[in-house]
Amino acid sequence: MSAATDRVQRLTRHRLLWPVLVLLLMIVANTIYRPGFLSVEVNDGHLYGTPIDILRLSAPLILVALGMTLVIATGGIDLSVGSLCAISGAIACLHISRSGDQSGLPTVLTALALALGAALVLGVWNGVLVAVIGIQPIIATLILMVAGRGLAQLIAEGQIITINSAPYRAIGLGHVLTLPLAIFIALAVALLVAAFTRRTALGLIVESVGGNAEASRLAGIRSRRVIFLVYVVSAACAALAGFMITANVSSADGNAAGLWIELDAILAVVIGGTSLAGGRFSLSGTVLGALIIQTLTTTVYAMNISPQTSLLFKAVVVIVVCLVQSPEFRARFRRRGRAVPGPAAPQRERAQVSA
């Protein structure tokens, strides 16, 4: 009996318990509201349905959130990922639009390489500002967040760049083994990041830098290099997400592409159990957090909530989720729920004993 109790207690303390329960609760609520929510059908050899759409649409957020997880684990923040999505998408679509053969594979690969290279350069810029110069991460990345939007619109010349490229469109809408290609891309990146951070010492180094950068430096860890690296990785993940976002609509809008995705990524990381103070992080929790965010977005649209109030509804749900999974909040709630004996009770007991 005690062993079973210990297992239950370990389960209740697991950091992924509450995100999983919240996701299941949202799925059950959507199924009750819409009985066909979980229905999946096969059309032309491809799977279609709301669950498939949630997985496909959450892929860009998963990519951005994975990079954001590593940045937050070092005690930093990256507010520029949305602008990086817009810049990478604009560069790729601009190169394809000016090509004579938009559907040519060499054209698409060149566009992806140019856009990814530009994103890496901007990631290096963020890394230098934070790790080398020592600017606060929120300020350093806020610079690129603001300037990056202007740069994306400058690249697009203030217009929406439209393309007609089947290989590029496949990044967001293509299918492999009946499932959307975007799911496999996000899964591959998640496994790659997990392999480097959980199968090597890199994950422990990142956590040590986030826990105490000065102590890790004194222990022989080159913390500046680690901080520099995570901003470059975050930029690369944002570039891949930018490709998916623009491929979904076969166009690049420097003003709207990736707008506010940095906030959703931070929420996904926090919901997944990673502390904003740095230190330990959870990649699986981040993926669950991204799925919760996208499921919530789909729920809002399905309930016909007006766009003016959807963000407020989303914020309220996220606050509730964060409070529910907070150990400090749960402990304080339990303490308040316990009956505390008043000062008169001991006096009555002593009077009875003396009598």
# chains A, B, ... in the order shown; residues from 1 in each chain; ligands from 1
>>> residues_around(residues="Ala147 (chain A)", least_positions_apart="5", cutoff="9 Å", atoms="only C-alpha atoms", output="CSV table (one decimal) with N, CA and C atoms, in the first residue's frame")
chain,number,residue,atom,x,y,z
A,83,SER,N,10.2,38.2,-35.5
A,83,SER,CA,10.8,39.0,-36.6
A,83,SER,C,11.7,38.1,-37.5
A,142,LEU,N,15.0,42.7,-28.0
A,142,LEU,CA,13.9,43.7,-28.3
A,142,LEU,C,14.4,44.6,-29.5
A,152,ALA,N,12.2,43.1,-42.5
A,152,ALA,CA,11.4,42.2,-43.3
A,152,ALA,C,10.5,43.0,-44.3
>>> residues_around(residues="Asp78 (chain A)", least_positions_apart="2", cutoff="9 Å", atoms="only C-alpha atoms", output="number ranges by chain")
A: 67-68, 71-72, 76, 80-81, 126, 137-138, 140-142, 145, 231, 234, 262, 266
>>> closest_atom_pairs(of="region 158-276 of chain A", to="region 283-293 of chain A", cutoff="10 Å", atoms="only C-alpha atoms", output="CSV")
residue,atom,partner,partner_atom,distance
A:Ala186,CA,A:Val287,CA,9.6
A:Leu187,CA,A:Val287,CA,9.6
A:Ala190,CA,A:Leu283,CA,7.7
A:Leu191,CA,A:Leu283,CA,9.5
A:Val193,CA,A:Leu283,CA,8.4
A:Ala194,CA,A:Leu283,CA,7.1
A:Thr197,CA,A:Leu283,CA,9.4
A:Arg198,CA,A:Leu283,CA,9.7
A:Asp264,CA,A:Ile293,CA,7.1
A:Ala265,CA,A:Ala290,CA,7.2
A:Ile266,CA,A:Thr286,CA,9.3
A:Leu267,CA,A:Gly289,CA,7.4
A:Ala268,CA,A:Gly289,CA,4.1
A:Val269,CA,A:Thr286,CA,4.8
A:Val270,CA,A:Gly289,CA,7.7
A:Ile271,CA,A:Gly289,CA,5.3
A:Gly272,CA,A:Gly285,CA,3.7
A:Gly273,CA,A:Gly285,CA,6.2
A:Thr274,CA,A:Gly285,CA,7.8
>>> write_last_selection(atoms="C-alpha atoms", output="JSON list (two decimals), in the first residue's frame")
[["chain", "number", "residue", "atom", "x", "y", "z"],
["A", 186, "ALA", "CA", 9.11, 19.53, -36.07],
["A", 187, "LEU", "CA", 9.59, 15.99, -34.73],
["A", 190, "ALA", "CA", 12.82, 18.05, -31.44],
["A", 191, "LEU", "CA", 14.66, 14.71, -31.53],
["A", 193, "VAL", "CA", 17.75, 18.98, -29.92],
["A", 194, "ALA", "CA", 16.93, 16.24, -27.40],
["A", 197, "THR", "CA", 20.98, 18.12, -24.82],
["A", 198, "ARG", "CA", 20.09, 14.79, -23.19],
["A", 264, "ASP", "CA", 3.15, 32.00, -27.57],
["A", 265, "ALA", "CA", 6.57, 30.34, -27.47],
["A", 266, "ILE", "CA", 7.31, 31.79, -24.02],
["A", 267, "LEU", "CA", 3.91, 30.62, -22.81],
["A", 268, "ALA", "CA", 4.53, 27.14, -24.21],
["A", 269, "VAL", "CA", 7.88, 26.94, -22.43],
["A", 270, "VAL", "CA", 6.40, 28.10, -19.11],
["A", 271, "ILE", "CA", 3.39, 25.78, -19.37],
["A", 272, "GLY", "CA", 5.84, 22.95, -20.05],
["A", 273, "GLY", "CA", 7.45, 23.48, -16.67],
["A", 274, "THR", "CA", 10.63, 25.39, -17.55]]
>>> atom_distance(atom1="CA of Thr309 (chain A)", atom2="CA of Ile32 (chain A)")
22.5 Å
>>> atom_distance(atom1="CA of Ala90 (chain A)", atom2="CA of Asp253 (chain A)")
7.1 Å
>>> residues_around(residues="Ile133 (chain A)", least_positions_apart="5", cutoff="12 Å", atoms="only C-alpha atoms", output="number ranges by chain")
A: 125-128, 140, 224, 227-228
>>> write_last_selection(atoms="all heavy atoms", output="short mmCIF file (atom, residue, chain, number, x, y, z; two decimals), in the first residue's frame")
data_model
loop_
_atom_site.label_atom_id
_atom_site.label_comp_id
_atom_site.auth_asym_id
_atom_site.auth_seq_id
_atom_site.Cartn_x
_atom_site.Cartn_y
_atom_site.Cartn_z
N TRP A 125 24.25 38.00 -34.12
CA TRP A 125 24.11 39.37 -33.62
C TRP A 125 23.53 39.37 -32.19
O TRP A 125 24.06 40.04 -31.30
CB TRP A 125 23.23 40.16 -34.57
CG TRP A 125 22.73 41.47 -34.04
CD1 TRP A 125 21.52 41.73 -33.48
CD2 TRP A 125 23.45 42.72 -34.02
NE1 TRP A 125 21.42 43.05 -33.11
CE2 TRP A 125 22.58 43.68 -33.44
CE3 TRP A 125 24.72 43.11 -34.44
CZ2 TRP A 125 22.96 45.01 -33.24
CZ3 TRP A 125 25.09 44.44 -34.25
CH2 TRP A 125 24.23 45.36 -33.67
N ASN A 126 22.46 38.61 -31.99
CA ASN A 126 21.87 38.51 -30.65
C ASN A 126 22.87 37.93 -29.66
O ASN A 126 22.99 38.40 -28.51
CB ASN A 126 20.61 37.65 -30.68
CG ASN A 126 19.41 38.38 -31.23
OD1 ASN A 126 19.35 39.61 -31.22
ND2 ASN A 126 18.45 37.63 -31.73
N GLY A 127 23.58 36.88 -30.08
CA GLY A 127 24.55 36.25 -29.19
C GLY A 127 25.68 37.18 -28.79
O GLY A 127 26.12 37.17 -27.64
N VAL A 128 26.14 37.98 -29.74
CA VAL A 128 27.22 38.93 -29.43
C VAL A 128 26.73 39.98 -28.44
O VAL A 128 27.42 40.33 -27.48
CB VAL A 128 27.73 39.58 -30.73
CG1 VAL A 128 28.65 40.76 -30.42
CG2 VAL A 128 28.47 38.56 -31.58
N ALA A 140 18.47 43.35 -25.66
CA ALA A 140 19.20 43.00 -26.88
C ALA A 140 18.29 42.41 -27.94
O ALA A 140 18.39 42.75 -29.12
CB ALA A 140 20.32 42.01 -26.53
N ARG A 224 29.95 32.04 -21.73
CA ARG A 224 29.65 32.96 -22.82
C ARG A 224 29.44 32.23 -24.14
O ARG A 224 28.57 32.59 -24.92
CB ARG A 224 30.76 33.99 -22.97
CG ARG A 224 30.83 35.01 -21.83
CD ARG A 224 31.83 36.10 -22.13
NE ARG A 224 31.83 37.13 -21.11
CZ ARG A 224 32.56 38.23 -21.15
NH1 ARG A 224 33.38 38.43 -22.19
NH2 ARG A 224 32.50 39.12 -20.18
N ILE A 227 25.96 30.61 -24.01
CA ILE A 227 24.90 31.60 -24.21
C ILE A 227 24.87 32.04 -25.67
O ILE A 227 23.78 32.17 -26.27
CB ILE A 227 25.13 32.80 -23.28
CG1 ILE A 227 24.97 32.36 -21.82
CG2 ILE A 227 24.15 33.92 -23.60
CD1 ILE A 227 25.33 33.43 -20.82
N PHE A 228 26.03 32.25 -26.26
CA PHE A 228 26.11 32.61 -27.67
C PHE A 228 25.48 31.53 -28.54
O PHE A 228 24.71 31.83 -29.47
CB PHE A 228 27.58 32.82 -28.05
CG PHE A 228 27.81 33.11 -29.51
CD1 PHE A 228 27.73 34.41 -29.99
CD2 PHE A 228 28.11 32.10 -30.39
CE1 PHE A 228 27.94 34.68 -31.33
CE2 PHE A 228 28.32 32.36 -31.73
CZ PHE A 228 28.24 33.65 -32.20
#
